[in-house]
$ cat my_file.cif   # mmCIF, C-alpha atoms
data_work
loop_
_atom_site.label_atom_id
_atom_site.label_comp_id
_atom_site.auth_asym_id
_atom_site.auth_seq_id
_atom_site.Cartn_x
_atom_site.Cartn_y
_atom_site.Cartn_z
CA MET A 1 82.93 73.84 92.83
CA HIS A 2 85.39 75.22 95.33
CA SER A 3 84.29 75.25 98.93
CA CYS A 4 83.55 79.00 99.10
CA GLY A 5 81.60 78.76 95.90
CA ARG A 6 78.03 79.57 95.47
CA ARG A 7 76.70 76.94 97.78
CA VAL A 8 74.88 75.10 95.05
CA GLY A 9 71.29 74.80 96.05
CA VAL A 10 71.40 78.15 97.74
CA VAL A 11 72.41 80.09 94.72
CA LEU A 12 69.52 78.77 92.73
CA ARG A 13 67.30 80.21 95.40
CA LEU A 14 68.86 83.66 95.53
CA THR A 15 69.47 85.51 92.36
CA LEU A 16 70.27 89.19 92.78
CA VAL A 17 73.60 89.83 94.24
CA SER A 18 76.12 92.92 94.66
CA VAL A 19 77.47 94.32 94.59
CA CYS A 20 79.11 94.53 96.54
CA ALA A 21 77.91 94.56 99.41
CA CYS A 22 77.36 97.96 99.92
CA SER A 23 75.05 100.45 101.34
CA ALA A 24 72.95 103.25 100.13
CA ALA A 25 72.28 106.65 101.33
CA ARG A 26 69.51 109.12 101.01
CA SER A 27 69.42 111.78 98.50
CA ALA A 28 72.14 114.23 97.79
CA SER A 29 72.68 116.14 94.77
CA SER A 30 75.64 114.49 93.45
CA GLY A 31 76.80 111.29 94.87
CA ASN A 32 80.10 110.36 96.20
CA ALA A 33 80.09 107.10 94.73
CA GLY A 34 79.26 107.10 91.28
CA SER A 35 76.06 107.59 89.77
CA GLY A 36 74.58 104.39 90.58
CA ALA A 37 74.99 102.40 93.56
CA GLY A 38 78.04 103.70 95.01
CA GLY A 39 80.52 102.32 97.26
CA ALA A 40 81.41 103.34 100.64
CA GLY A 41 81.92 106.94 101.06
CA GLY A 42 84.24 108.62 103.25
CA GLY A 43 82.99 112.03 102.82
CA ALA A 44 79.53 112.82 101.93
CA PRO A 45 78.72 110.21 99.39
CA SER A 46 76.80 107.12 99.61
CA GLN A 47 77.59 103.69 98.54
CA THR A 48 75.88 101.05 96.82
CA GLY A 49 76.52 97.94 98.55
CA ALA A 50 76.46 94.79 97.06
CA GLY A 51 74.91 95.40 93.98
CA GLY A 52 75.11 99.09 93.64
CA SER A 53 77.11 100.98 91.24
CA ALA A 54 80.26 102.73 92.13
CA GLY A 55 80.42 106.15 90.64
CA SER A 56 83.08 108.53 89.73
CA THR A 57 82.24 111.99 90.90
CA ALA A 58 82.14 113.31 94.33
CA PRO A 59 78.73 113.95 95.63
CA SER A 60 77.63 116.64 97.89
CA VAL A 61 75.47 115.01 100.38
CA GLY A 62 75.20 111.53 101.08
CA SER A 63 76.72 109.08 103.08
CA ASP A 64 78.85 106.65 101.56
CA GLY A 65 77.37 104.16 99.69
CA GLY A 66 75.92 102.64 102.31
CA SER A 67 76.00 104.24 105.48
CA GLY A 68 75.55 107.66 106.54
CA HIS A 69 73.57 110.40 105.10
CA GLY A 70 75.28 109.90 101.85
CA LEU A 71 75.18 106.41 100.71
CA ASP A 72 76.60 102.98 101.37
CA GLY A 73 77.58 102.28 98.40
CA GLN A 74 74.09 103.23 97.59
CA ALA A 75 71.97 106.42 98.58
CA ALA A 76 70.88 108.66 96.01
CA ALA A 77 73.76 109.77 94.12
CA ALA A 78 74.20 110.81 90.68
CA ALA A 79 77.79 110.50 90.08
CA GLY A 80 80.32 109.98 92.67
CA ALA A 81 83.34 108.19 93.55
CA GLY A 82 82.67 105.37 95.72
CA GLY A 83 82.90 101.82 96.30
CA SER A 84 80.25 99.37 96.41
CA GLY A 85 77.01 100.24 97.92
CA ALA A 86 73.58 101.16 97.06
CA ALA A 87 72.82 102.68 93.82
CA GLY A 88 71.58 106.08 94.49
CA ALA A 89 70.05 108.91 92.76
CA GLY A 90 71.22 112.24 93.47
CA GLY A 91 74.49 112.45 95.10
CA VAL A 92 75.03 109.56 97.14
CA THR A 93 76.13 106.60 95.40
CA GLY A 94 79.31 105.16 96.33
CA GLY A 95 82.24 106.94 97.44
CA SER A 96 83.32 107.53 100.87
CA GLY A 97 80.85 109.75 102.35
CA THR A 98 79.92 110.97 105.66
CA ALA A 99 76.82 109.07 105.96
CA GLY A 100 75.18 109.06 109.22
CA SER A 101 77.68 108.88 111.92
CA ALA A 102 77.90 105.95 114.16
CA ALA A 103 80.74 105.76 116.56
CA VAL A 104 82.88 102.71 116.16
CA GLY A 105 86.18 102.92 117.86
CA GLY A 106 88.31 105.30 115.86
CA GLY A 107 85.60 107.46 114.41
CA VAL A 108 82.05 107.51 113.16
CA VAL A 109 80.61 105.25 110.50
CA THR A 110 80.44 106.85 107.10
CA ALA A 111 79.63 103.83 104.94
CA LEU A 112 78.51 100.24 105.03
CA ALA A 113 79.34 97.26 102.82
CA ALA A 114 77.57 93.93 103.36
CA GLY A 115 79.05 90.76 101.92
CA ASP A 116 77.69 87.24 101.70
CA SER A 117 77.93 86.38 105.40
CA PHE A 118 79.85 89.30 106.82
CA SER A 119 79.53 93.07 106.98
CA CYS A 120 81.92 96.02 107.12
CA ALA A 121 81.79 99.67 108.13
CA LEU A 122 83.98 102.55 107.00
CA LEU A 123 84.88 105.02 109.73
CA SER A 124 85.52 108.75 109.47
CA SER A 125 89.11 108.04 110.51
CA GLY A 126 89.61 106.24 107.19
CA THR A 127 89.79 102.85 108.90
CA VAL A 128 87.46 99.87 108.55
CA LYS A 129 85.77 97.39 110.90
CA CYS A 130 84.10 94.12 109.90
CA TRP A 131 82.08 91.40 111.59
CA GLY A 132 80.61 87.99 110.80
CA TYR A 133 82.14 84.95 109.10
CA ASN A 134 85.92 84.96 108.73
CA GLY A 135 86.85 81.56 107.34
CA TYR A 136 88.75 83.13 104.44
CA GLY A 137 90.11 86.16 106.27
CA GLN A 138 87.37 88.48 105.00
CA LEU A 139 87.24 90.40 108.28
CA GLY A 140 90.80 91.49 107.53
CA ASP A 141 92.05 91.33 111.11
CA GLY A 142 94.89 88.91 110.40
CA THR A 143 92.98 85.84 111.59
CA THR A 144 90.36 83.43 110.31
CA THR A 145 88.31 83.63 113.49
CA SER A 146 84.73 84.76 113.00
CA SER A 147 83.39 87.59 115.15
CA LEU A 148 79.86 88.45 116.31
CA THR A 149 80.88 92.09 116.79
CA PRO A 150 83.07 94.52 114.78
CA VAL A 151 86.85 94.01 114.64
CA SER A 152 89.40 96.33 113.05
CA VAL A 153 90.82 95.57 109.62
CA ALA A 154 94.60 95.47 110.01
CA ASN A 155 97.03 97.87 108.37
CA LEU A 156 94.37 99.82 106.52
CA THR A 157 94.08 103.61 106.62
CA GLY A 158 93.07 106.38 104.24
CA VAL A 159 90.05 104.47 102.97
CA LYS A 160 87.62 106.33 100.75
CA SER A 161 85.06 103.63 99.93
CA LEU A 162 84.31 99.93 100.41
CA GLY A 163 82.93 96.94 98.57
CA ALA A 164 82.18 93.42 99.81
CA GLY A 165 81.59 90.26 97.82
CA THR A 166 81.57 86.52 98.45
CA GLY A 167 84.20 85.96 101.10
CA PHE A 168 86.30 89.01 100.29
CA ALA A 169 86.27 92.79 100.44
CA CYS A 170 88.07 95.69 98.79
CA ALA A 171 88.78 99.28 99.72
CA LEU A 172 89.44 102.31 97.54
CA LEU A 173 92.07 104.52 99.16
CA GLU A 174 92.46 108.28 99.09
CA ASP A 175 95.49 107.91 96.80
CA ALA A 176 93.24 106.19 94.20
CA SER A 177 94.80 102.78 94.80
CA VAL A 178 92.89 99.65 95.87
CA LYS A 179 93.49 97.01 98.53
CA CYS A 180 91.56 93.75 98.98
CA TRP A 181 91.49 90.92 101.51
CA GLY A 182 89.88 87.53 102.11
CA TYR A 183 89.03 84.76 99.65
CA ASN A 184 91.21 84.64 96.55
CA TYR A 185 90.57 81.38 94.71
CA TYR A 186 89.66 83.29 91.54
CA ASP A 187 92.28 86.01 92.05
CA GLN A 188 89.57 88.45 93.14
CA LEU A 189 92.19 90.12 95.32
CA GLY A 190 94.06 90.91 92.13
CA THR A 191 97.41 89.67 93.37
CA GLY A 192 97.92 86.96 90.77
CA THR A 193 98.86 84.48 93.49
CA GLY A 194 95.54 82.77 94.20
CA GLY A 195 96.20 82.58 97.94
CA ASN A 196 93.73 83.93 100.51
CA SER A 197 94.84 86.90 102.60
CA PRO A 198 93.55 87.75 106.11
CA VAL A 199 94.97 91.25 105.78
CA PRO A 200 94.64 93.84 102.98
CA VAL A 201 96.95 93.51 99.99
CA ALA A 202 97.45 96.02 97.21
CA VAL A 203 95.97 95.34 93.79
CA PRO A 204 99.08 95.87 91.65
CA LYS A 205 99.28 98.26 88.72
CA LEU A 206 95.92 99.79 89.56
CA ARG A 207 95.94 103.56 89.80
CA GLY A 208 93.67 106.46 88.95
CA VAL A 209 90.62 104.70 90.35
CA ALA A 210 87.52 106.81 90.99
CA ALA A 211 85.23 104.06 92.30
CA ILE A 212 85.05 100.31 92.87
CA SER A 213 82.29 97.71 92.81
CA VAL A 214 82.54 94.20 94.21
CA GLY A 215 80.15 91.34 93.48
CA GLY A 216 80.32 87.56 93.62
CA PHE A 217 83.94 86.61 92.93
CA GLN A 218 84.86 89.63 90.83
CA SER A 219 85.78 93.27 91.31
CA CYS A 220 85.67 96.23 88.94
CA ALA A 221 87.24 99.67 89.06
CA LEU A 222 85.91 102.82 87.44
CA HIS A 223 88.81 105.00 86.31
CA THR A 224 88.88 108.76 86.19
CA ASP A 225 88.82 108.67 82.38
CA GLY A 226 85.47 106.83 82.36
CA SER A 227 86.91 103.43 81.51
CA VAL A 228 86.31 100.27 83.56
CA GLY A 229 88.66 97.43 84.44
CA CYS A 230 87.77 94.15 86.20
CA TRP A 231 89.57 91.24 87.85
CA GLY A 232 88.59 87.94 89.44
CA GLU A 233 86.45 85.10 88.10
CA ALA A 234 86.42 85.43 84.32
CA SER A 235 84.78 82.09 83.59
CA VAL A 236 81.39 83.32 84.75
CA VAL A 237 81.27 87.02 84.03
CA GLY A 238 83.55 86.70 81.05
CA MET A 239 85.54 89.83 81.74
CA THR A 240 88.96 90.56 83.19
CA GLY A 241 91.07 93.49 82.18
CA THR A 242 89.63 96.56 80.51
CA VAL A 243 85.95 96.35 79.62
CA PRO A 244 85.87 97.13 75.87
CA GLY A 245 84.08 100.14 74.50
CA LEU A 246 83.40 102.04 77.74
CA THR A 247 84.73 105.59 77.74
CA ALA A 248 82.00 107.64 79.40
CA ALA A 249 81.04 105.55 82.42
CA THR A 250 80.06 107.44 85.57
CA ALA A 251 79.36 104.39 87.72
CA VAL A 252 79.96 100.64 87.68
CA ALA A 253 78.05 97.82 89.36
CA GLN A 254 79.35 94.27 89.49
CA GLY A 255 77.10 91.31 90.25
CA THR A 256 77.75 87.59 90.32
CA TYR A 257 77.32 86.94 86.61
CA VAL A 258 76.63 90.40 85.19
CA GLY A 259 78.39 93.75 85.24
CA CYS A 260 76.80 97.07 84.29
CA ALA A 261 77.96 100.63 83.77
CA LEU A 262 75.95 103.82 84.01
CA LEU A 263 76.90 106.24 81.24
CA SER A 264 77.01 110.01 81.43
CA GLY A 265 73.80 110.45 79.44
CA GLY A 266 71.71 108.22 81.71
CA SER A 267 71.83 105.06 79.63
CA VAL A 268 73.11 101.72 80.94
CA LYS A 269 75.28 99.06 79.34
CA CYS A 270 75.83 95.54 80.69
CA TRP A 271 78.04 92.55 79.93
CA GLY A 272 78.39 88.92 81.07
CA ARG A 273 75.95 86.04 81.32
CA ASN A 274 72.57 86.53 79.70
CA VAL A 275 70.76 83.19 79.96
CA PHE A 276 68.00 84.84 82.03
CA GLY A 277 68.11 88.23 80.33
CA GLY A 278 70.41 89.88 82.85
CA LEU A 279 71.90 92.14 80.18
CA GLY A 280 68.50 93.67 79.43
CA ASP A 281 69.00 93.83 75.67
CA GLY A 282 66.04 91.65 74.72
CA THR A 283 68.13 88.55 74.02
CA THR A 284 69.60 85.63 75.95
CA THR A 285 72.99 85.85 74.25
CA ASP A 286 76.03 86.21 76.52
CA SER A 287 78.31 89.11 75.71
CA VAL A 288 81.81 90.09 76.75
CA ASN A 289 81.23 93.43 75.08
CA PRO A 290 78.84 95.84 76.84
CA VAL A 291 75.38 95.98 75.27
CA ALA A 292 72.78 98.70 75.77
CA VAL A 293 69.92 97.99 78.16
CA ALA A 294 66.72 98.54 76.20
CA GLY A 295 64.52 101.48 77.11
CA VAL A 296 66.70 102.99 79.84
CA SER A 297 67.82 106.55 79.12
CA THR A 298 67.26 108.52 82.35
CA ALA A 299 68.98 106.32 84.92
CA ASN A 300 70.93 107.86 87.76
CA ALA A 301 71.96 104.63 89.48
CA VAL A 302 72.25 100.92 88.77
CA ALA A 303 72.37 97.87 91.04
CA VAL A 304 73.22 94.35 89.91
CA GLY A 305 72.32 90.99 91.42
CA GLN A 306 73.09 87.48 90.30
CA ASP A 307 71.30 87.32 86.95
CA ALA A 308 69.20 90.44 87.35
CA ALA A 309 69.74 94.18 87.61
CA CYS A 310 67.79 97.32 88.44
CA ALA A 311 68.12 100.98 87.51
CA LEU A 312 66.91 103.96 89.48
CA VAL A 313 65.32 106.33 86.99
CA ALA A 314 64.00 109.87 86.96
CA GLY A 315 61.14 110.44 89.36
CA GLY A 316 62.38 108.02 91.99
CA THR A 317 60.99 104.93 90.31
CA ALA A 318 62.92 101.80 89.32
CA LYS A 319 63.11 99.36 86.45
CA CYS A 320 64.52 95.84 86.67
CA TRP A 321 65.35 93.07 84.22
CA GLY A 322 66.64 89.49 84.16
CA TRP A 323 65.89 86.46 86.32
CA ASN A 324 62.69 86.66 88.34
CA ASN A 325 62.20 83.25 89.94
CA LEU A 326 61.72 84.81 93.38
CA GLY A 327 60.10 88.09 92.44
CA GLN A 328 63.36 90.05 92.53
CA LEU A 329 62.21 92.27 89.66
CA GLY A 330 59.44 93.61 91.87
CA ASN A 331 56.82 93.70 89.11
CA GLY A 332 54.24 91.54 90.85
CA VAL A 333 55.07 88.23 89.24
CA ALA A 334 57.57 85.47 90.03
CA GLY A 335 58.59 82.06 88.74
CA TYR A 336 61.13 80.33 86.57
CA GLY A 337 59.33 81.51 83.45
CA ALA A 338 58.84 85.06 84.67
CA GLN A 339 62.19 86.52 83.67
CA ALA A 340 62.20 89.78 81.74
CA LEU A 341 64.61 90.22 78.84
CA THR A 342 63.99 93.97 78.89
CA PRO A 343 63.29 96.31 81.84
CA VAL A 344 59.96 96.18 83.69
CA SER A 345 58.72 98.71 86.23
CA VAL A 346 58.90 97.92 89.93
CA THR A 347 55.33 97.97 91.28
CA ALA A 348 54.17 100.81 93.53
CA LEU A 349 57.61 102.29 94.13
CA SER A 350 58.16 106.05 94.11
CA GLY A 351 60.40 108.50 95.89
CA ALA A 352 63.35 106.10 95.84
CA THR A 353 66.76 107.69 96.31
CA ALA A 354 68.93 104.57 96.30
CA LEU A 355 68.86 100.92 95.27
CA VAL A 356 70.70 97.81 96.38
CA ALA A 357 70.51 94.30 94.93
CA ARG A 358 71.88 90.99 96.05
CA ASP A 359 71.17 87.30 95.54
CA GLY A 360 67.46 87.06 94.96
CA HIS A 361 66.33 90.31 96.52
CA ALA A 362 66.54 94.07 96.11
CA CYS A 363 65.79 97.06 98.33
CA ALA A 364 65.16 100.77 97.89
CA LEU A 365 65.82 103.64 100.26
CA LEU A 366 63.05 106.22 100.06
CA ALA A 367 63.26 109.98 100.42
CA GLY A 368 61.79 109.86 103.92
CA GLY A 369 64.32 107.31 105.10
CA GLU A 370 62.00 104.32 104.87
CA VAL A 371 63.19 101.13 103.19
CA LYS A 372 61.26 98.74 100.96
CA CYS A 373 62.49 95.33 99.83
CA TRP A 374 61.25 92.62 97.47
CA GLY A 375 62.20 89.15 96.21
CA SER A 376 63.59 86.26 98.24
CA ASN A 377 62.87 86.28 101.96
CA ILE A 378 64.29 82.92 102.95
CA GLY A 379 66.43 84.52 105.66
CA GLY A 380 64.03 87.27 106.63
CA GLN A 381 66.00 89.76 104.53
CA LEU A 382 62.87 91.65 103.42
CA GLY A 383 62.53 92.81 107.03
CA ASP A 384 58.74 92.55 107.16
CA GLY A 385 58.68 90.11 110.06
CA THR A 386 58.14 87.02 107.87
CA THR A 387 60.11 84.66 105.67
CA THR A 388 57.63 84.79 102.80
CA ASP A 389 58.96 85.86 99.40
CA SER A 390 57.34 88.89 97.81
CA ALA A 391 57.15 89.98 94.16
CA VAL A 392 56.24 93.53 95.21
CA PRO A 393 58.02 95.96 97.54
CA LEU A 394 57.32 95.55 101.27
CA SER A 395 58.13 98.04 104.01
CA VAL A 396 60.93 97.07 106.38
CA GLN A 397 59.62 97.18 109.93
CA ASN A 398 60.71 99.94 112.31
CA VAL A 399 62.87 101.80 109.79
CA SER A 400 62.34 105.49 109.18
CA GLY A 401 64.78 108.33 108.77
CA ALA A 402 67.53 106.01 107.52
CA SER A 403 70.33 107.64 105.61
CA ALA A 404 72.10 104.69 104.02
CA LEU A 405 71.43 101.09 103.00
CA SER A 406 73.56 98.07 102.14
CA ALA A 407 72.53 94.61 100.93
CA GLY A 408 74.20 91.32 101.80
CA GLU A 409 73.40 87.86 100.52
CA TYR A 410 70.66 87.09 103.04
CA HIS A 411 70.84 90.21 105.18
CA ASN A 412 70.71 94.00 104.90
CA CYS A 413 71.95 96.90 107.03
CA VAL A 414 70.97 100.55 107.40
CA LEU A 415 72.57 103.59 108.99
CA PHE A 416 70.63 106.30 110.81
CA PRO A 417 71.52 109.95 111.50
CA SER A 418 71.21 109.00 115.18
CA HIS A 419 74.45 107.07 114.77
CA GLU A 420 72.70 103.71 114.98
CA VAL A 421 73.35 100.87 112.56
CA LYS A 422 70.73 98.15 112.27
CA CYS A 423 70.75 94.90 110.32
CA TRP A 424 68.24 92.13 109.66
CA GLY A 425 68.07 88.72 108.01
CA THR A 426 70.19 85.61 108.40
CA ASN A 427 72.69 85.72 111.27
CA ALA A 428 74.20 82.24 111.38
CA THR A 429 77.75 83.66 111.34
CA GLY A 430 77.17 86.92 113.19
CA GLN A 431 76.75 89.12 110.12
CA LEU A 432 74.07 91.20 111.88
CA GLY A 433 76.64 92.31 114.45
CA ASP A 434 74.34 92.16 117.47
CA GLY A 435 76.58 89.77 119.41
CA THR A 436 74.41 86.72 118.70
CA THR A 437 73.80 84.19 115.96
CA ASN A 438 70.04 84.64 116.09
CA SER A 439 68.51 85.53 112.75
CA ALA A 440 66.17 88.53 112.77
CA ARG A 441 63.12 89.10 110.57
CA SER A 442 63.17 92.78 111.50
CA PRO A 443 66.10 95.13 112.25
CA VAL A 444 68.37 94.69 115.27
CA THR A 445 71.06 97.09 116.48
CA VAL A 446 74.71 96.39 115.71
CA VAL A 447 76.56 96.21 119.02
CA GLY A 448 79.17 98.84 119.80
CA LEU A 449 78.34 101.37 117.11
#
$ encode --input "my_file.cif" --output "structure tokens"
Amino acid sequence: MHSCGRRVGVVLRLTLVSVCACSAARSASSGNAGSGAGGAGGGAPSQTGAGGSAGSTAPSVGSDGGSGHGLDGQAAAAAGAGGSGAAGAGGVTGGSGTAGSAAVGGGVVTALAAGDSFSCALLSSGTVKCWGYNGYGQLGDGTTTSSLTPVSVANLTGVKSLGAGTGFACALLEDASVKCWGYNYYDQLGTGTGGNSPVPVAVPKLRGVAAISVGGFQSCALHTDGSVGCWGEASVVGMTGTVPGLTAATAVAQGTYVGCALLSGGSVKCWGRNVFGGLGDGTTTDSVNPVAVAGVSTANAVAVGQDAACALVAGGTAKCWGWNNLGQLGNGVAGYGAQALTPVSVTALSGATALVARDGHACALLAGGEVKCWGSNIGGQLGDGTTTDSAVPLSVQNVSGASALSAGEYHNCVLFPSHEVKCWGTNATGQLGDGTTNSARSPVTVVGL
């Protein structure tokens, strides 16, 4: 396994990834970032963060999928253009939205995208700032020096949405092109060269993109015609190039081993590894071709983790399927034999407007701006003040009125209308952005926003 890999021994502990790192925003009627967990929004969308789906239509309210009132790549959004962020219902998923508004240098924060051990924020100026680990150039500032506080991504303007994965990040630009930076061992930057890049590079021959989703070592783009194309590590997810048979996708969510698309009618199709039921079709058979998730017909967002996924459905409830060793399905049970090959309902969850999923945990943004998380809590990422895993949703301490949410590998971040950004969880490389390397079991304020 290459050095950036999955940190064997850690990956077995955390199973839900995303997308992208991304963020989610509260409700809006139609999301910026696609219908699921959207990406970062520059306007009013929301984004879905790591695990959320990037959508294709522009939402009305919402932060960008992730931060802001729209979504971080994940706030409620029905269909929107966006990057990676929280899957939202309503109009915030993905996209570059004007979520919240936290001042960071050249503008206010409109979206968030959390990666494995770093985080990024999209500004209203169309520029991006990142903080945390930078060993592969994932902060995009032209160096490989980690930073405990936000630094500007070099030579990047006109950004519409964001997505963050394992050691790399991507941005959807206003001209519908895509640029990526950071780790590139699996060609997840799309350059065909395999070399890391500490500054953004264009993904060649990629145009007409409505939304992006980044997860693990792979990226996917939702095109304006409803088709989906992916690049990066094919050996695990089994898909590079055009995903076959998708013509009516409104959002896409890429995880570590599984990719999913939300279709215009509210159904969901997934492809990739299925050993733990991550495709939700009732089998454990891997599939390069998208297969229908059983029993899901009213979804308005989707978020994908490592071998598990969740859909936000009508009524603000959620259904999840796949691996459940740490309780990441939220149905009250956990263990290596507790996986679900078809969707199960998340316990005691209602009023959700956005979803995010990452390695081993998932979170939901509620209509009132509260956040609930479930699954792995090894780094304090559930935000309840403990490090005890939970198979049911727990309230994140001291969070109310949040407008966007984004999930990282062992940390999460939220954006507030008051212009504050707060993060919690593991902070060994400064991914919480508070100027320290002290992990936090409840939210701390990102410095300088």
$ closest_residue --input "my_file.cif" --among "A:Gln306, A:Asp116, A:Gln138, A:Leu222" --to "A:Ser177" --atoms "all atoms listed in the file"
A:Leu222
$ residues_around --input "my_file.cif" --residues "A:Gly182" --least-positions-apart "2" --cutoff "12 Å" --atoms "all atoms listed in the file" --output "compact mmCIF listing (two decimals) with C-alpha atoms, in the coordinates of the input"
# COMPACT_ATOMS: atom_id res chain seq x y z
CA CYS A 4 83.55 79.00 99.10
CA GLY A 115 79.05 90.76 101.92
CA PHE A 118 79.85 89.30 106.82
CA CYS A 130 84.10 94.12 109.90
CA TYR A 133 82.14 84.95 109.10
CA ASN A 134 85.92 84.96 108.73
CA GLY A 135 86.85 81.56 107.34
CA TYR A 136 88.75 83.13 104.44
CA GLY A 137 90.11 86.16 106.27
CA GLN A 138 87.37 88.48 105.00
CA LEU A 139 87.24 90.40 108.28
CA GLY A 140 90.80 91.49 107.53
CA ASP A 141 92.05 91.33 111.11
CA GLY A 142 94.89 88.91 110.40
CA THR A 143 92.98 85.84 111.59
CA THR A 144 90.36 83.43 110.31
CA VAL A 153 90.82 95.57 109.62
CA ALA A 164 82.18 93.42 99.81
CA GLY A 165 81.59 90.26 97.82
CA THR A 166 81.57 86.52 98.45
CA GLY A 167 84.20 85.96 101.10
CA PHE A 168 86.30 89.01 100.29
CA ALA A 169 86.27 92.79 100.44
CA CYS A 170 88.07 95.69 98.79
CA LYS A 179 93.49 97.01 98.53
CA CYS A 180 91.56 93.75 98.98
CA ASN A 184 91.21 84.64 96.55
CA TYR A 185 90.57 81.38 94.71
CA TYR A 186 89.66 83.29 91.54
CA ASP A 187 92.28 86.01 92.05
CA GLN A 188 89.57 88.45 93.14
CA LEU A 189 92.19 90.12 95.32
CA GLY A 190 94.06 90.91 92.13
CA THR A 191 97.41 89.67 93.37
CA GLY A 194 95.54 82.77 94.20
CA GLY A 195 96.20 82.58 97.94
CA ASN A 196 93.73 83.93 100.51
CA SER A 197 94.84 86.90 102.60
CA PRO A 198 93.55 87.75 106.11
CA VAL A 199 94.97 91.25 105.78
CA PRO A 200 94.64 93.84 102.98
CA VAL A 201 96.95 93.51 99.99
CA PHE A 217 83.94 86.61 92.93
$ resolve_selection --input "my_file.cif" --expression "the PyMOL selection byres ((chain A and resi 243) around 12)" --output "PyMOL selection string"
chain A and resi 220-223+226-231+234+237-242+244-249+252+259-261+269-272+287-291
$ closest_residue --input "my_file.cif" --among "A:Glu370, A:Asp359, A:Asp434, A:Asp384" --to "A:Tyr410" --atoms "all atoms listed in the file"
A:Asp359
$ atom_distance --input "my_file.cif" --atom1 "atom CA of A:Leu366" --atom2 "atom CA of A:Gly379"
22.7 Å
$ closest_residue --input "my_file.cif" --among "A:Thr317, A:Asn325, A:Thr445, A:Thr437" --to "A:Pro393" --atoms "only C-alpha atoms"
A:Thr317
$ atom_distance --input "my_file.cif" --atom1 "atom CA of A:His411" --atom2 "atom CA of A:Glu233"
23.7 Å
$ atom_distance --input "my_file.cif" --atom1 "atom CA of A:Asn300" --atom2 "atom CA of A:Ala253"
12.4 Å
$ closest_residue --input "my_file.cif" --among "A:Gln381, A:Ser418, A:Ser161, A:Thr429" --to "A:Pro443" --atoms "only C-alpha atoms"
A:Gln381
$ residues_near_point --input "my_file.cif" --point "(72.4, 92.3, 105.9)" --cutoff "8 Å" --atoms "only C-alpha atoms" --output "list in words"
Ala114, Gly115, Ser119, Gln381, Ser406, Ala407, Gly408, Glu409, Tyr410, His411, Asn412, Cys413, Cys423, Trp424, Gly425, Thr426, Gln431 and Leu432 of chain A
$ resolve_selection --input "my_file.cif" --expression "the PyMOL selection byres ((chain A and resi 402) around 7)" --output "list in words"
Gly369, Glu370, Val399, Ser400, Gly401, Ser403, Ala404, Val414, Leu415, Phe416 and Pro417 of chain A
$ write_last_selection --input "my_file.cif" --atoms "C-alpha atoms" --output "PDB file, keeping the file's coordinate frame"
ATOM      1  CA  GLY A 369      64.320 107.310 105.100  1.00  0.00           C
ATOM      2  CA  GLU A 370      62.000 104.320 104.870  1.00  0.00           C
ATOM      3  CA  VAL A 399      62.870 101.800 109.790  1.00  0.00           C
ATOM      4  CA  SER A 400      62.340 105.490 109.180  1.00  0.00           C
ATOM      5  CA  GLY A 401      64.780 108.330 108.770  1.00  0.00           C
ATOM      6  CA  SER A 403      70.330 107.640 105.610  1.00  0.00           C
ATOM      7  CA  ALA A 404      72.100 104.690 104.020  1.00  0.00           C
ATOM      8  CA  VAL A 414      70.970 100.550 107.400  1.00  0.00           C
ATOM      9  CA  LEU A 415      72.570 103.590 108.990  1.00  0.00           C
ATOM     10  CA  PHE A 416      70.630 106.300 110.810  1.00  0.00           C
ATOM     11  CA  PRO A 417      71.520 109.950 111.500  1.00  0.00           C
TER      12      PRO A 417
END
